[in-house]
Amino acid sequence: MVELVFLGSGGGRFQMVGQYFKTGGFRIHAGVKVHVDPGPGALLLTHQYGLNPLDLSGIIVTHCHPDHYTDTEVLIEAMTKHSTKKRGVLICSRSVIEGVGDYGPAVSRYHQRKPEKVIIMEPGDKFQLEDLEIESVVAKHSDPTTFGIIFHTDSGAIGYTSDTQYFEEMTKYYEGMRILIANVTRPLSMRIPWHLCSEDLIKILAAAKPELAVMIHMGMLFLEHEPAREATRIKTATGVETIPGQAGLRINMGEEIKITRPPKQPTLEEYIRPRVENFFGAE
C-alpha cells in the first residue's frame, strides 16, 4: 500500500505569503517516507496532521523557488535525527544545490553535509531508494533545472509535474500513471508563462488517462474560481477522476485508490472570502 499525504495545495508568491491553501508540499509513503517540495509551513503542517518529520528517508526539491524549498534545511535536520546521524538522501535540482544563474543555491553547505547522500537530478535520471524508484522527467519552468517526477512503486506509478508550462511531449511522460499530481496554477485558460492552467491539464489527462488526478499549486485566481468546481469541469471533459488537493488530504493506492479528506474545514465564505476581500479590497 502506498500513501500520499498532502500538506497544502497552494503555490505562487501570493499564495505563499497569504497561506490560503498552504504550501507544505506532500509526502509519499512507499516503504520509505519522502517529503516532496517542502515549502513554507511544511514542518508545522507535518506535526499538525499527525506525521513525524524524524521518519523521513528522503527529501526532494524540484527547483529553486521558495514555495518549494524553504523548509528543506529544517527537514534535513529532522531526517538526520537532529543532525546527530548521517542518514537519508537529499534529491534536488542543480539550482538548489549549486546555484544556476539567478537561482540558488538554497541549501547551505553545512546542511548539504548532513544527509548520507546528496543527488543532483537531471531529466532522465533514476534513483532507487529501497523499494521506491524515483525517475526525473523534463519540465519547462523559469528555473531551467526544474524536473518532474515519476515514482515507481509496488502499487503502480505516480507522476508529479512540478512547475512547468505545457509542451506537446509532456503527455508521454505521464502515460501509464495511476495517479497524476499536477501543479495547476491558473483556472480555465488563464495561463501564464512557465505554469499550467486547467485547460492544459485537460489536454494532459485526455492523453495520459491516469486513474486519478490531483490538482495542487493553485494560485490566487482559484479563490475566485472554486477548485472543486474546476475539478468537476476537468473530469467532465476528460473522464478522469479529478480532485483538488488540500492540507491533510490522504490517498491510499492499493488495488483500489482510496481518498480520505481531513475533518471539515471552513467553507470558502466562512474562511477565505473575508481574507480575499481584505487582500483585493471589498467591492
# chains A, B, ... in the order shown; residues from 1 in each chain; ligands from 1
call {"tool": "residues_around", "arguments": {"residues": "stretch 174-180 of chain A", "least_positions_apart": "6", "cutoff": "6 Å", "atoms": "only C-alpha atoms", "output": "PyMOL selection string"}}
result
chain A and resi 157-160+208+210-213
call {"tool": "write_last_selection", "arguments": {"atoms": "C-alpha atoms", "output": "compact mmCIF listing (two decimals), in the first residue's frame"}}
result
# COMPACT_ATOMS: atom_id res chain seq x y z
CA ALA A 157 3.30 4.67 -10.87
CA ILE A 158 2.61 8.18 -9.59
CA GLY A 159 3.50 11.25 -11.64
CA TYR A 160 4.25 14.76 -10.39
CA ALA A 208 -2.38 10.21 -20.37
CA PRO A 210 -4.49 8.20 -15.16
CA GLU A 211 -6.98 6.75 -12.71
CA LEU A 212 -6.87 9.91 -10.58
CA ALA A 213 -5.60 13.47 -11.00
call {"tool": "residues_around", "arguments": {"residues": "A:His82", "least_positions_apart": "5", "cutoff": "10 Å", "atoms": "only C-alpha atoms", "output": "list in words"}}
result
Leu54, Val74, Leu75, Ile76, Glu77 and Lys114 of chain A
call {"tool": "select_by_dssp", "arguments": {"residues": "stretch 33-226 of chain A", "states": "strand (DSSP E or B)", "output": "JSON, numbers by chain"}}
result
{"A": [33, 34, 35, 36, 58, 59, 60, 61, 89, 90, 91, 92, 100, 103, 117, 118, 119, 120, 126, 127, 128, 129, 132, 133, 134, 135, 136, 137, 138, 147, 148, 149, 150, 151, 152, 153, 156, 157, 158, 159, 160, 179, 180, 181, 182, 183, 184, 185, 186, 196, 197, 212, 213, 214, 215, 216, 218]}
call {"tool": "residues_around", "arguments": {"residues": "A:Pro38", "least_positions_apart": "4", "cutoff": "6 Å", "atoms": "only C-alpha atoms", "output": "JSON list (two decimals) with N, CA and C atoms, in the first residue's frame"}}
result
[["chain", "number", "residue", "atom", "x", "y", "z"],
["A", 24, "GLY", "N", 2.95, 23.39, 1.99],
["A", 24, "GLY", "CA", 3.88, 22.47, 2.62],
["A", 24, "GLY", "C", 4.34, 21.32, 1.76],
["A", 25, "GLY", "N", 3.91, 21.27, 0.48],
["A", 25, "GLY", "CA", 4.29, 20.15, -0.38],
["A", 25, "GLY", "C", 3.50, 18.90, -0.06],
["A", 42, "ALA", "N", 5.89, 23.59, 5.90],
["A", 42, "ALA", "CA", 5.97, 22.13, 5.80],
["A", 42, "ALA", "C", 6.17, 21.46, 7.15],
["A", 68, "HIS", "N", 8.77, 26.08, -2.81],
["A", 68, "HIS", "CA", 9.12, 24.66, -2.92],
["A", 68, "HIS", "C", 10.27, 24.25, -2.00],
["A", 69, "TYR", "N", 11.07, 25.22, -1.52],
["A", 69, "TYR", "CA", 12.28, 24.80, -0.81],
["A", 69, "TYR", "C", 12.44, 25.32, 0.61],
["A", 71, "ASP", "N", 11.47, 25.03, 3.71],
["A", 71, "ASP", "CA", 11.61, 24.20, 4.91],
["A", 71, "ASP", "C", 12.58, 23.03, 4.71],
["A", 72, "THR", "N", 13.35, 23.07, 3.64],
["A", 72, "THR", "CA", 14.24, 21.95, 3.35],
["A", 72, "THR", "C", 15.28, 21.75, 4.44]]
call {"tool": "closest_residue", "arguments": {"among": "A:Glu255, A:Tyr173, A:Thr80, A:Val32", "to": "A:Gln128", "atoms": "only C-alpha atoms"}}
result
A:Val32
call {"tool": "residues_around", "arguments": {"residues": "A:Pro123", "least_positions_apart": "3", "cutoff": "12 Å", "atoms": "only C-alpha atoms", "output": "ChimeraX atom specification"}}
result
/A:62,92-94,120,126-127,134-140,144-150,173
